[in-house]
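Colleague: input-v2.txt is reproduced in full below (compact mmCIF, C-alpha atoms and all ligand atoms).
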```
# COMPACT_ATOMS: atom_id res chain seq x y z
CA MET A 1 23.53 40.45 -48.19
CA PHE A 2 24.69 39.90 -51.81
CA ARG A 3 27.88 38.39 -53.18
CA THR A 4 28.72 40.22 -56.40
CA ALA A 5 31.07 39.56 -59.30
CA ASP A 6 33.90 41.71 -57.93
CA GLY A 7 33.79 39.77 -54.66
CA GLU A 8 32.62 42.78 -52.68
CA ASP A 9 29.42 43.00 -50.71
CA ALA A 10 26.85 45.06 -52.55
CA PRO A 11 26.36 48.20 -50.45
CA GLU A 12 23.52 47.97 -47.97
CA PRO A 13 21.10 50.67 -46.98
CA GLU A 14 21.43 51.62 -43.32
CA PRO A 15 18.61 49.76 -41.61
CA GLU A 16 16.40 52.23 -39.85
CA GLU A 17 16.05 49.90 -36.96
CA THR A 18 19.30 48.37 -35.74
CA GLY A 19 19.70 44.70 -34.90
CA ARG A 20 18.96 45.49 -31.28
CA GLY A 21 15.34 45.98 -32.19
CA LEU A 22 15.17 42.41 -33.33
CA PHE A 23 16.91 41.10 -30.21
CA ALA A 24 14.58 43.06 -28.02
CA ARG A 25 11.57 41.67 -29.81
CA LEU A 26 12.84 38.12 -29.73
CA ARG A 27 13.60 38.48 -26.05
CA ASP A 28 10.21 39.99 -25.37
CA ASN A 29 8.68 36.97 -26.96
CA LEU A 30 10.57 34.52 -24.81
CA SER A 31 8.22 32.12 -23.17
CA ARG A 32 7.81 32.38 -19.43
CA SER A 33 9.64 29.15 -18.77
CA ARG A 34 12.67 30.31 -20.67
CA ARG A 35 12.67 33.65 -18.98
CA ALA A 36 12.60 31.76 -15.72
CA MET A 37 15.53 29.68 -16.86
CA ALA A 38 17.55 32.71 -17.82
CA GLN A 39 16.90 34.29 -14.43
CA GLN A 40 17.74 31.11 -12.63
CA LEU A 41 20.99 30.71 -14.52
CA ALA A 42 22.08 34.31 -14.23
CA GLY A 43 24.81 35.06 -11.73
CA VAL A 44 24.57 31.86 -9.70
CA MET A 45 27.23 29.22 -9.29
CA PHE A 46 26.68 26.59 -11.89
CA ASP A 47 26.93 23.03 -10.65
CA PRO A 48 27.43 20.56 -13.54
CA ALA A 49 26.31 17.76 -11.24
CA ASP A 50 22.90 19.40 -10.87
CA THR A 51 20.78 17.41 -13.33
CA GLU A 52 17.99 19.94 -13.07
CA VAL A 53 20.13 22.58 -14.81
CA TRP A 54 20.70 20.25 -17.72
CA GLU A 55 17.04 19.33 -17.91
CA ARG A 56 16.03 22.97 -17.94
CA LEU A 57 18.53 23.71 -20.69
CA GLU A 58 17.28 20.82 -22.77
CA GLU A 59 13.71 21.97 -22.32
CA ALA A 60 14.61 25.52 -23.34
CA LEU A 61 16.28 24.32 -26.53
CA LEU A 62 13.35 22.08 -27.44
CA LEU A 63 10.84 24.84 -26.68
CA SER A 64 12.55 27.16 -29.12
CA ASP A 65 12.29 24.54 -31.89
CA CYS A 66 15.93 23.49 -32.04
CA GLY A 67 14.74 19.91 -32.47
CA VAL A 68 16.02 16.77 -30.74
CA PRO A 69 19.21 16.08 -32.78
CA ALA A 70 20.56 19.63 -32.45
CA THR A 71 19.56 19.78 -28.78
CA VAL A 72 21.43 16.53 -28.08
CA THR A 73 24.52 17.86 -29.86
CA VAL A 74 24.48 21.16 -27.94
CA ILE A 75 24.04 19.44 -24.57
CA GLU A 76 26.78 16.91 -25.34
CA ARG A 77 29.25 19.65 -26.19
CA LEU A 78 28.38 21.57 -23.05
CA GLU A 79 28.71 18.45 -20.93
CA ALA A 80 32.13 17.77 -22.43
CA ASP A 81 33.21 21.29 -21.50
CA ALA A 82 31.79 20.91 -18.01
CA ASP A 83 33.55 17.56 -17.54
CA ALA A 84 36.82 19.16 -18.60
CA GLY A 85 36.29 21.84 -15.95
CA ARG A 86 35.85 24.64 -18.45
CA LEU A 87 32.40 25.64 -17.21
CA THR A 88 32.12 26.72 -13.62
CA THR A 89 29.73 29.66 -13.59
CA ALA A 90 26.30 30.21 -15.09
CA ASP A 91 27.68 33.09 -17.14
CA GLU A 92 30.27 30.80 -18.69
CA LEU A 93 27.57 28.27 -19.44
CA SER A 94 25.40 30.90 -21.11
CA ALA A 95 28.29 32.28 -23.19
CA ARG A 96 29.37 28.81 -24.30
CA LEU A 97 25.78 27.86 -25.13
CA GLN A 98 25.47 30.83 -27.46
CA GLN A 99 28.85 30.12 -28.98
CA ILE A 100 27.98 26.48 -29.74
CA ILE A 101 24.63 27.44 -31.29
CA ALA A 102 26.28 30.08 -33.46
CA GLU A 103 28.94 27.58 -34.57
CA LEU A 104 26.35 25.00 -35.53
CA MET A 105 24.43 27.59 -37.57
CA THR A 106 27.50 28.96 -39.36
CA PRO A 107 27.65 27.54 -42.90
CA SER A 108 30.95 26.46 -44.41
CA ASP A 109 30.08 28.32 -47.62
CA ASP A 110 29.57 32.02 -48.25
CA PRO A 111 26.14 32.83 -46.78
CA ARG A 112 25.48 35.81 -49.06
CA ILE A 113 23.06 35.62 -51.97
CA ASP A 114 25.13 34.79 -55.03
CA ILE A 115 24.56 37.37 -57.75
CA THR A 116 27.96 36.98 -59.39
CA ALA A 117 26.45 35.70 -62.67
CA HIS A 118 24.88 38.08 -65.18
CA PRO A 119 22.01 37.64 -65.04
CA ALA A 120 21.93 35.79 -61.75
CA VAL A 121 18.79 33.69 -61.34
CA LEU A 122 17.12 33.23 -57.95
CA LEU A 123 14.33 30.67 -57.67
CA VAL A 124 12.07 31.16 -54.67
CA THR A 125 10.04 28.25 -53.32
CA GLY A 126 7.99 27.47 -50.25
CA VAL A 127 4.56 26.58 -48.96
CA ASN A 128 1.74 29.10 -49.52
CA GLY A 129 1.62 31.80 -46.90
CA THR A 130 5.22 31.40 -45.77
CA GLY A 131 6.20 34.69 -47.39
CA LYS A 132 7.57 33.95 -50.87
CA THR A 133 6.01 36.91 -52.65
CA THR A 134 6.76 39.35 -49.85
CA SER A 135 10.37 38.17 -49.58
CA ILE A 136 10.83 38.54 -53.35
CA GLY A 137 9.61 42.13 -53.12
CA LYS A 138 12.05 42.77 -50.28
CA ILE A 139 14.99 41.15 -52.10
CA ALA A 140 14.22 43.18 -55.24
CA TRP A 141 14.11 46.37 -53.17
CA HIS A 142 17.45 45.58 -51.50
CA LEU A 143 18.93 44.82 -54.93
CA ARG A 144 17.84 48.18 -56.22
CA GLU A 145 19.26 49.89 -53.14
CA ALA A 146 22.50 48.11 -54.00
CA GLY A 147 22.33 49.52 -57.53
CA ARG A 148 21.23 46.33 -59.31
CA THR A 149 18.43 45.90 -61.82
CA CYS A 150 15.97 43.11 -61.50
CA VAL A 151 13.27 41.14 -63.35
CA ILE A 152 10.60 39.33 -61.36
CA GLY A 153 8.90 36.35 -62.99
CA ALA A 154 5.43 35.32 -61.81
CA ALA A 155 5.62 31.55 -62.14
CA ASP A 156 2.94 31.09 -59.49
CA THR A 157 0.25 30.88 -62.17
CA PHE A 158 -1.90 28.64 -59.99
CA ARG A 159 -3.69 31.44 -58.17
CA ALA A 160 -4.86 34.47 -60.15
CA ALA A 161 -4.39 36.87 -57.23
CA ALA A 162 -0.78 35.77 -56.78
CA GLY A 163 0.31 37.55 -59.96
CA GLU A 164 -1.34 40.84 -59.01
CA GLN A 165 0.21 40.79 -55.55
CA LEU A 166 3.64 40.14 -57.03
CA GLU A 167 3.22 42.89 -59.61
CA THR A 168 2.46 45.39 -56.85
CA TRP A 169 5.68 44.38 -55.07
CA ALA A 170 7.63 44.64 -58.34
CA GLN A 171 6.36 48.19 -58.83
CA ARG A 172 7.25 49.17 -55.28
CA ALA A 173 10.74 47.71 -55.72
CA GLY A 174 11.23 49.27 -59.16
CA ALA A 175 11.67 45.87 -60.81
CA ASP A 176 10.50 44.63 -64.22
CA PHE A 177 7.62 42.19 -64.09
CA VAL A 178 7.03 39.19 -66.36
CA SER A 179 3.89 37.07 -66.20
CA SER A 180 1.48 35.06 -68.30
CA GLN A 181 -2.26 34.79 -68.19
CA SER A 182 -3.52 32.92 -65.15
CA GLY A 183 -3.30 29.16 -65.62
CA GLY A 184 -0.33 29.51 -67.97
CA ASP A 185 2.72 27.29 -67.87
CA PRO A 186 4.97 28.29 -64.92
CA ALA A 187 8.11 26.98 -66.61
CA ALA A 188 7.34 29.14 -69.66
CA VAL A 189 7.05 32.22 -67.43
CA ALA A 190 10.39 31.40 -65.81
CA PHE A 191 11.92 31.03 -69.27
CA ASP A 192 10.43 34.35 -70.43
CA ALA A 193 11.68 36.16 -67.32
CA VAL A 194 15.24 34.92 -67.87
CA ALA A 195 15.04 35.81 -71.57
CA ALA A 196 13.75 39.31 -70.70
CA ALA A 197 16.66 39.85 -68.30
CA GLU A 198 19.12 38.80 -70.98
CA SER A 199 17.67 41.01 -73.71
CA ARG A 200 17.26 44.02 -71.36
CA ASP A 201 20.65 43.49 -69.71
CA ARG A 202 19.24 43.17 -66.19
CA ASP A 203 21.42 41.95 -63.31
CA VAL A 204 19.12 39.55 -61.49
CA VAL A 205 16.02 37.43 -62.20
CA ILE A 206 13.82 36.36 -59.28
CA VAL A 207 11.23 33.67 -60.01
CA ASP A 208 8.19 33.22 -57.77
CA THR A 209 6.60 29.76 -57.67
CA ALA A 210 3.35 28.16 -56.53
CA GLY A 211 3.23 26.85 -52.97
CA ARG A 212 0.32 24.49 -53.32
CA LEU A 213 -0.98 22.37 -56.19
CA HIS A 214 -3.37 19.45 -56.35
CA THR A 215 -0.87 17.09 -54.82
CA GLN A 216 2.57 17.20 -53.26
CA GLY A 217 3.93 15.20 -56.19
CA HIS A 218 2.49 17.67 -58.69
CA LEU A 219 4.05 20.60 -56.84
CA MET A 220 7.49 19.00 -56.74
CA ASP A 221 7.28 17.95 -60.42
CA GLU A 222 6.48 21.50 -61.40
CA LEU A 223 9.36 22.85 -59.33
CA ARG A 224 11.76 20.41 -60.96
CA LYS A 225 10.47 21.41 -64.41
CA ILE A 226 10.97 25.13 -63.72
CA HIS A 227 14.46 24.35 -62.46
CA ARG A 228 15.24 22.32 -65.58
CA VAL A 229 14.01 25.01 -67.96
CA ILE A 230 16.10 27.70 -66.22
CA ALA A 231 19.17 25.43 -66.23
CA GLY A 232 18.63 24.75 -69.93
CA ARG A 233 18.64 28.44 -70.71
CA ILE A 234 21.67 29.44 -68.58
CA ASP A 235 24.49 27.13 -67.54
CA GLY A 236 24.74 26.94 -63.77
CA ALA A 237 21.35 28.59 -63.18
CA PRO A 238 19.41 28.92 -60.98
CA HIS A 239 22.27 30.30 -58.91
CA GLU A 240 20.22 30.25 -55.74
CA VAL A 241 17.17 28.20 -54.79
CA LEU A 242 15.73 29.94 -51.76
CA LEU A 243 13.12 28.29 -49.56
CA THR A 244 10.88 30.44 -47.39
CA ILE A 245 10.10 28.99 -43.97
CA ASP A 246 7.64 30.66 -41.61
CA ALA A 247 9.40 30.75 -38.24
CA THR A 248 6.09 30.72 -36.40
CA THR A 249 5.25 27.22 -37.71
CA GLY A 250 7.99 25.62 -35.66
CA GLN A 251 9.01 22.08 -36.42
CA ASN A 252 6.62 21.94 -39.41
CA GLY A 253 9.14 24.17 -41.13
CA LEU A 254 11.77 21.47 -40.84
CA GLN A 255 9.48 18.93 -42.47
CA GLN A 256 8.73 21.39 -45.29
CA ALA A 257 12.43 22.04 -45.84
CA ARG A 258 13.05 18.31 -46.04
CA LEU A 259 10.36 17.83 -48.73
CA PHE A 260 11.52 20.72 -50.90
CA ALA A 261 15.16 19.72 -50.54
CA GLU A 262 14.25 16.32 -51.96
CA ALA A 263 12.86 17.92 -55.12
CA VAL A 264 15.48 20.58 -55.79
CA GLU A 265 18.83 21.55 -54.33
CA VAL A 266 17.90 24.26 -51.87
CA THR A 267 20.83 26.65 -51.42
CA GLY A 268 19.42 28.78 -48.64
CA ILE A 269 16.53 29.45 -46.30
CA VAL A 270 14.67 32.73 -45.95
CA LEU A 271 13.34 32.50 -42.40
CA THR A 272 10.28 34.76 -42.31
CA LYS A 273 8.08 36.27 -39.59
CA LEU A 274 10.78 36.24 -36.93
CA ASP A 275 9.18 39.41 -35.63
CA GLY A 276 6.25 37.27 -34.50
CA THR A 277 8.03 34.54 -32.58
CA ALA A 278 10.92 33.62 -30.34
CA LYS A 279 10.98 30.15 -31.81
CA GLY A 280 13.96 30.85 -34.01
CA GLY A 281 15.60 27.57 -33.00
CA ILE A 282 14.25 26.20 -36.28
CA ALA A 283 17.26 27.90 -37.93
CA LEU A 284 19.51 25.63 -35.88
CA ALA A 285 17.39 22.55 -36.59
CA ILE A 286 17.50 23.13 -40.36
CA ALA A 287 21.21 23.90 -40.42
CA HIS A 288 22.07 20.93 -38.23
CA GLU A 289 19.71 18.30 -39.64
CA LEU A 290 19.62 19.29 -43.31
CA GLY A 291 22.81 21.28 -43.72
CA ILE A 292 20.92 24.14 -45.39
CA PRO A 293 22.05 27.59 -44.23
CA VAL A 294 19.63 30.33 -43.29
CA LYS A 295 20.68 33.22 -45.52
CA LEU A 296 18.03 35.87 -44.93
CA ILE A 297 15.56 36.67 -42.19
CA GLY A 298 12.20 38.42 -42.50
CA ILE A 299 11.41 40.69 -39.58
CA GLY A 300 8.24 42.47 -40.69
CA GLU A 301 5.80 43.09 -43.51
CA GLY A 302 7.53 46.19 -44.85
CA ILE A 303 9.70 46.26 -47.96
CA GLU A 304 12.87 46.94 -45.93
CA ASP A 305 12.22 44.22 -43.37
CA LEU A 306 14.78 41.74 -44.61
CA ARG A 307 18.23 41.19 -43.12
CA PRO A 308 21.23 38.94 -43.71
CA PHE A 309 21.33 36.13 -41.16
CA ASP A 310 24.06 36.59 -38.55
CA PRO A 311 24.52 33.37 -36.51
CA ALA A 312 26.29 35.02 -33.56
CA ASP A 313 23.75 37.83 -33.24
CA PHE A 314 20.94 35.38 -33.63
CA ALA A 315 22.23 32.99 -30.95
CA ARG A 316 22.62 35.96 -28.63
CA ALA A 317 19.04 37.05 -29.25
CA LEU A 318 17.72 33.54 -28.67
CA PHE A 319 19.45 32.78 -25.41
CA ALA A 320 20.63 36.04 -24.00
CA GLY A 321 20.13 36.00 -20.25
CA GLY A 322 17.14 37.82 -18.82
CA GLU A 323 17.60 41.38 -17.68
N1 LIG B 1 5.16 39.86 -39.74
C1 LIG B 1 5.64 39.37 -40.88
N2 LIG B 1 4.79 39.04 -41.86
C2 LIG B 1 5.30 38.54 -43.02
C3 LIG B 1 6.70 38.38 -43.20
N3 LIG B 1 6.88 37.88 -44.43
C4 LIG B 1 5.64 37.73 -44.99
N4 LIG B 1 4.69 38.12 -44.13
C5 LIG B 1 3.23 38.10 -44.30
O1 LIG B 1 2.80 36.76 -44.54
C6 LIG B 1 1.68 36.75 -45.42
C7 LIG B 1 1.92 35.80 -46.59
O2 LIG B 1 2.97 36.31 -47.37
P1 LIG B 1 3.11 36.02 -48.93
O3 LIG B 1 4.37 36.70 -49.39
O4 LIG B 1 1.86 36.34 -49.66
O5 LIG B 1 3.33 34.44 -48.91
P2 LIG B 1 3.38 33.41 -50.14
O6 LIG B 1 2.03 32.77 -50.22
O7 LIG B 1 4.43 32.41 -49.74
O8 LIG B 1 3.75 34.16 -51.37
C8 LIG B 1 1.44 38.20 -45.84
O9 LIG B 1 0.41 38.74 -45.06
C9 LIG B 1 2.77 38.88 -45.51
O10 LIG B 1 2.62 40.25 -45.21
C10 LIG B 1 7.60 38.76 -42.11
O11 LIG B 1 8.82 38.65 -42.17
N5 LIG B 1 7.00 39.26 -40.99
MG MG B 2 2.82 34.23 -53.20
```
Would you encode the structure as structure tokens?
Ligand SMILES: Nc1nc2c(ncn2[C@@H]2O[C@H](COP(=O)(O)OP(=O)(O)O)[C@@H](O)[C@H]2O)c(=O)[nH]1
Ligand SMILES: [Mg+2]
Modeller:
Amino acid sequence: MFRTADGEDAPEPEPEETGRGLFARLRDNLSRSRRAMAQQLAGVMFDPADTEVWERLEEALLLSDCGVPATVTVIERLEADADAGRLTTADELSARLQQIIAELMTPSDDPRIDITAHPAVLLVTGVNGTGKTTSIGKIAWHLREAGRTCVIGAADTFRAAAGEQLETWAQRAGADFVSSQSGGDPAAVAFDAVAAAESRDRDVVIVDTAGRLHTQGHLMDELRKIHRVIAGRIDGAPHEVLLTIDATTGQNGLQQARLFAEAVEVTGIVLTKLDGTAKGGIALAIAHELGIPVKLIGIGEGIEDLRPFDPADFARALFAGGE
């Protein structure tokens, strides 16, 4: 999950529930039409000339929020394989489909959270309710499990309750907590959090931000200001700008990612609430249309319910044939 200074992965706690639990849940959530598709494709001879097969595939991809551009790309690649005679059975089609989706979601860069700097600064952004605060608590917990110390900065000063909620998560995760009085300057809180990490020799700073202000422009201005203040304090910081996207909001998530990416350079997506949907195709849409990798996935409300994103596993869970 974390890329550390010595190049090694920080050790991970053994997840209580293995990845299979996630696959099972994603599969359980498959819509009826897609289940029907999987059954129809399984085991039969696949005829590339049968336009209905292609239409059903296209529909399945769109239904899972892959979006039109990514869907077109996937279908084109499959058609090229079929034309070249490389796809003759439904099983081959299914395997190749998963392979293409995984390839398209695999980032060229290291997908782990970069904590090589000391302190490393992670800025967390996203629309209200998408899971920023919860994800920060989870990241801090995983950092502690990996033997790292952490300061959490409450730069969401817009809502009074936001600070209290974050403080509770900080306590649960054993992290330091830095805030100001409600209504204070978010950039000042971010600055204080970074300064606290430096003076206390902490490994990582995670900064929470507001997800809704009076206007979109105001929100983006504030985000840019926080970013600027952090960069002014530490060269190269923030080292990660993570954007939380709620997987259950479908294509809206793509639009959100686009807006945030215009304001700041988003380095990774935290795709939350995957436990509540099968519409994980949004990971493909974001990777393909915006070139932003999904780095972490949220699979529950508990403090442990965060996992690194594995494109191959994920593609398998999305389109594994019915059983
Ligand atoms: N099921 C589920 N719920 C989540 C997940 N992540 C966050 N939530 C819930 O989503 C709601 C909003 O989360 P919060 O962290 O307050 O969002 P914020 O407004 O972006 O800070 C809370 O009820 C969380 O428990 C997840 O991965 N799975
Ligand atoms: Mg919050």
Colleague: Can you write out as a Markdown table which residues of chain A fall within 8 Å of ligand MG 2 (chain B), alongside each residue's closest atom pair and its distance in Å to one decimal, counting only C-alpha atoms and all ligand atoms and ordering rows by chain and ascending residue number?
Modeller:
```
| residue | atom | partner | partner_atom | distance |
| --- | --- | --- | --- | --- |
| A:Asn128 | CA | B:MG2 | MG | 6.4 |
| A:Gly129 | CA | B:MG2 | MG | 6.9 |
| A:Gly131 | CA | B:MG2 | MG | 6.7 |
| A:Lys132 | CA | B:MG2 | MG | 5.3 |
| A:Thr133 | CA | B:MG2 | MG | 4.2 |
| A:Thr134 | CA | B:MG2 | MG | 7.3 |
| A:Asp156 | CA | B:MG2 | MG | 7.0 |
| A:Ala162 | CA | B:MG2 | MG | 5.3 |
| A:Gly163 | CA | B:MG2 | MG | 7.9 |
| A:Gln165 | CA | B:MG2 | MG | 7.4 |
| A:Leu166 | CA | B:MG2 | MG | 7.1 |
| A:Asp208 | CA | B:MG2 | MG | 7.1 |
| A:Thr209 | CA | B:MG2 | MG | 7.4 |
| A:Ala210 | CA | B:MG2 | MG | 6.9 |
| A:Gly211 | CA | B:MG2 | MG | 7.4 |
```
Colleague: Can you tell me which residues surround Thr272 of chain A at a distance of at most 8 Å, considering all atoms listed in the file, apart from same-chain residues fewer than 4 positions away, and format the answer as number ranges by chain?
Modeller: A: 130-131, 244-247, 297-299
Colleague: Grab the atom O1 of ligand LIG 1 (chain B) to atom CA of Ala317 of chain A distance for me, in Å with one decimal place.
Modeller: 22.3 Å
Colleague: Nearest to Pro311 of chain A among A:Val264, A:Leu284, A:Leu122, A:Val207, with distances taken over all atoms listed in the file: which residue is it?
Modeller: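 Result for the nearest residue to Pro311 of chain A: A:Leu284.
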Colleague: Please provide the set of residues having any atom within 8 Å of Asp114 of chain A, restricted to only C-alpha atoms, with same-chain residues fewer than 3 positions apart removed, written as a list in words.
Modeller: Phe2, Arg3, Thr4, Ala117, Ala120, His239 and Glu240 of chain A
Colleague: Residues at most 10 Å from segment 219-225 of chain A, counting all atoms listed in the file, excluding those fewer than 5 positions away in the same chain, as a list in words?
Modeller: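 Counting only the stated atoms, we get Leu123, Val124, Thr125, Val127, Ala155, Asp185, Pro186, Ala187, Ala188, Thr209, Ala210, Gly211, Arg212, Leu213, His214, Ile230, Ala231, Leu259, Phe260, Ala261, Glu262, Ala263, Val264 and Glu265 of chain A.
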Colleague: If we count all atoms listed in the file, what is near Arg233 of chain A at a cut-off of 10 Å, once residues fewer than 5 positions away on the same chain are taken out, given as a count of residues only?
Modeller: 5
Colleague: Around all listed atoms of ligand LIG 1 (chain B), padded 5 Å per side, what centre and edge lengths does the axis-aligned box have in Å to one decimal, as AutoDock Vina command-line options?
Modeller:
```
--center_x 4.6 --center_y 36.3 --center_z -45.6 --size_x 18.4 --size_y 17.8 --size_z 21.6
```
Colleague: Got a sec: who's within 7 Å of Asp176 of chain A, counting all atoms listed in the file, leaving out chain neighbours fewer than 3 positions off, as a VMD selection string?
Modeller: chain A and resid 150 to 152 170
Colleague: Would you output that residue set with C-alpha atoms, as a PDB file, in the coordinates of the input?
Modeller:
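Below is the file again.pdb, written as the result:
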```pdb
ATOM      1  CA  CYS A 150      15.970  43.110 -61.500  1.00  0.00           C
ATOM      2  CA  VAL A 151      13.270  41.140 -63.350  1.00  0.00           C
ATOM      3  CA  ILE A 152      10.600  39.330 -61.360  1.00  0.00           C
ATOM      4  CA  ALA A 170       7.630  44.640 -58.340  1.00  0.00           C
TER       5      ALA A 170
END
```
Colleague: Choose the residue, out of A:Phe46, A:Trp54, A:Trp169, A:Trp141, that has the smallest atom-to-atom separation from ligand LIG 1 (chain B); count only C-alpha atoms and all ligand atoms.
Modeller: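 Result for the nearest residue to ligand LIG 1 (chain B): A:Trp169.
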Colleague: Anything within 7 Å of (14.9, 25.0, -33.1): list those residues as JSON, numbers by chain, counting all atoms listed in the file and sticking to the file's coordinates.
Modeller: {"A": [61, 62, 64, 65, 66, 67, 279, 280, 281, 282, 283, 284, 285]}
Colleague: Considering all atoms listed in the file, can you say which of A:Thr73, A:Thr51, A:Thr168, A:Thr267 comes closest to ligand LIG 1 (chain B)?
Modeller: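 So, comparing all the options, the nearest one is A:Thr168.
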Colleague: In Å to one decimal, how far is atom CA of Val270 of chain A from atom CA of Leu57 of chain A?
Modeller: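 Between atom CA of Leu57 of chain A and atom CA of Val270 of chain A the gap works out to 27.1 Å.
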Colleague: Restricting the calculation to all atoms listed in the file, which member of A:Thr116, A:Asn252, A:Thr277, A:Ser135 is positioned closest to ligand LIG 1 (chain B)?
Modeller: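 Among A:Thr116, A:Asn252, A:Thr277, A:Ser135, it is A:Ser135 that comes nearest to ligand LIG 1 (chain B).
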Colleague: For atom CA of Leu243 of chain A and atom CA of Arg258 of chain A, determine how far apart the two atoms are, in Å to one decimal place.
Modeller: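 Pair atom CA of Leu243 of chain A / atom CA of Arg258 of chain A returns 10.6 Å.
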Colleague: Restricting the calculation to only C-alpha atoms, which member of A:Pro308, A:Gly253, A:Pro119, A:Gly137 is positioned closest to Ala193 of chain A?
Modeller: A:Pro119
Colleague: May I ask you to restore N, CA and C atoms in segment 118-138 of chain A and write the result as a CSV table (one decimal), in the coordinates of the input?
Modeller:
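Done, and the output landed in selection21.csv:
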```csv
chain,number,residue,atom,x,y,z
A,118,HIS,N,25.6,37.0,-64.5
A,118,HIS,CA,24.9,38.1,-65.2
A,118,HIS,C,24.1,37.5,-66.4
A,119,PRO,N,22.8,37.4,-66.3
A,119,PRO,CA,22.0,37.6,-65.0
A,119,PRO,C,22.1,36.5,-64.1
A,120,ALA,N,22.0,36.8,-62.8
A,120,ALA,CA,21.9,35.8,-61.8
A,120,ALA,C,20.5,35.4,-61.6
A,121,VAL,N,20.2,34.1,-61.5
A,121,VAL,CA,18.8,33.7,-61.3
A,121,VAL,C,18.5,33.1,-59.9
A,122,LEU,N,17.5,33.7,-59.3
A,122,LEU,CA,17.1,33.2,-58.0
A,122,LEU,C,15.7,32.6,-58.1
A,123,LEU,N,15.6,31.3,-57.7
A,123,LEU,CA,14.3,30.7,-57.7
A,123,LEU,C,13.8,30.6,-56.2
A,124,VAL,N,12.6,31.1,-56.0
A,124,VAL,CA,12.1,31.2,-54.7
A,124,VAL,C,10.9,30.2,-54.5
A,125,THR,N,11.0,29.3,-53.5
A,125,THR,CA,10.0,28.2,-53.3
A,125,THR,C,9.6,28.3,-51.9
A,126,GLY,N,8.5,27.5,-51.6
A,126,GLY,CA,8.0,27.5,-50.2
A,126,GLY,C,6.5,27.3,-50.2
A,127,VAL,N,6.0,26.8,-49.1
A,127,VAL,CA,4.6,26.6,-49.0
A,127,VAL,C,3.8,27.9,-49.0
A,128,ASN,N,2.6,27.9,-49.5
A,128,ASN,CA,1.7,29.1,-49.5
A,128,ASN,C,1.7,29.8,-48.2
A,129,GLY,N,1.8,31.1,-48.2
A,129,GLY,CA,1.6,31.8,-46.9
A,129,GLY,C,2.9,32.0,-46.1
A,130,THR,N,4.0,31.3,-46.5
A,130,THR,CA,5.2,31.4,-45.8
A,130,THR,C,6.0,32.7,-46.1
A,131,GLY,N,5.6,33.4,-47.1
A,131,GLY,CA,6.2,34.7,-47.4
A,131,GLY,C,7.1,34.8,-48.6
A,132,LYS,N,6.8,33.9,-49.6
A,132,LYS,CA,7.6,34.0,-50.9
A,132,LYS,C,7.5,35.3,-51.6
A,133,THR,N,6.2,35.7,-51.9
A,133,THR,CA,6.0,36.9,-52.6
A,133,THR,C,6.6,38.1,-51.9
A,134,THR,N,6.3,38.2,-50.6
A,134,THR,CA,6.8,39.4,-49.8
A,134,THR,C,8.3,39.4,-49.8
A,135,SER,N,8.9,38.2,-49.6
A,135,SER,CA,10.4,38.2,-49.6
A,135,SER,C,11.0,38.6,-50.9
A,136,ILE,N,10.3,38.2,-52.0
A,136,ILE,CA,10.8,38.5,-53.4
A,136,ILE,C,10.8,40.1,-53.5
A,137,GLY,N,9.7,40.7,-53.1
A,137,GLY,CA,9.6,42.1,-53.1
A,137,GLY,C,10.7,42.8,-52.3
A,138,LYS,N,11.0,42.2,-51.1
A,138,LYS,CA,12.0,42.8,-50.3
A,138,LYS,C,13.4,42.6,-50.9
```
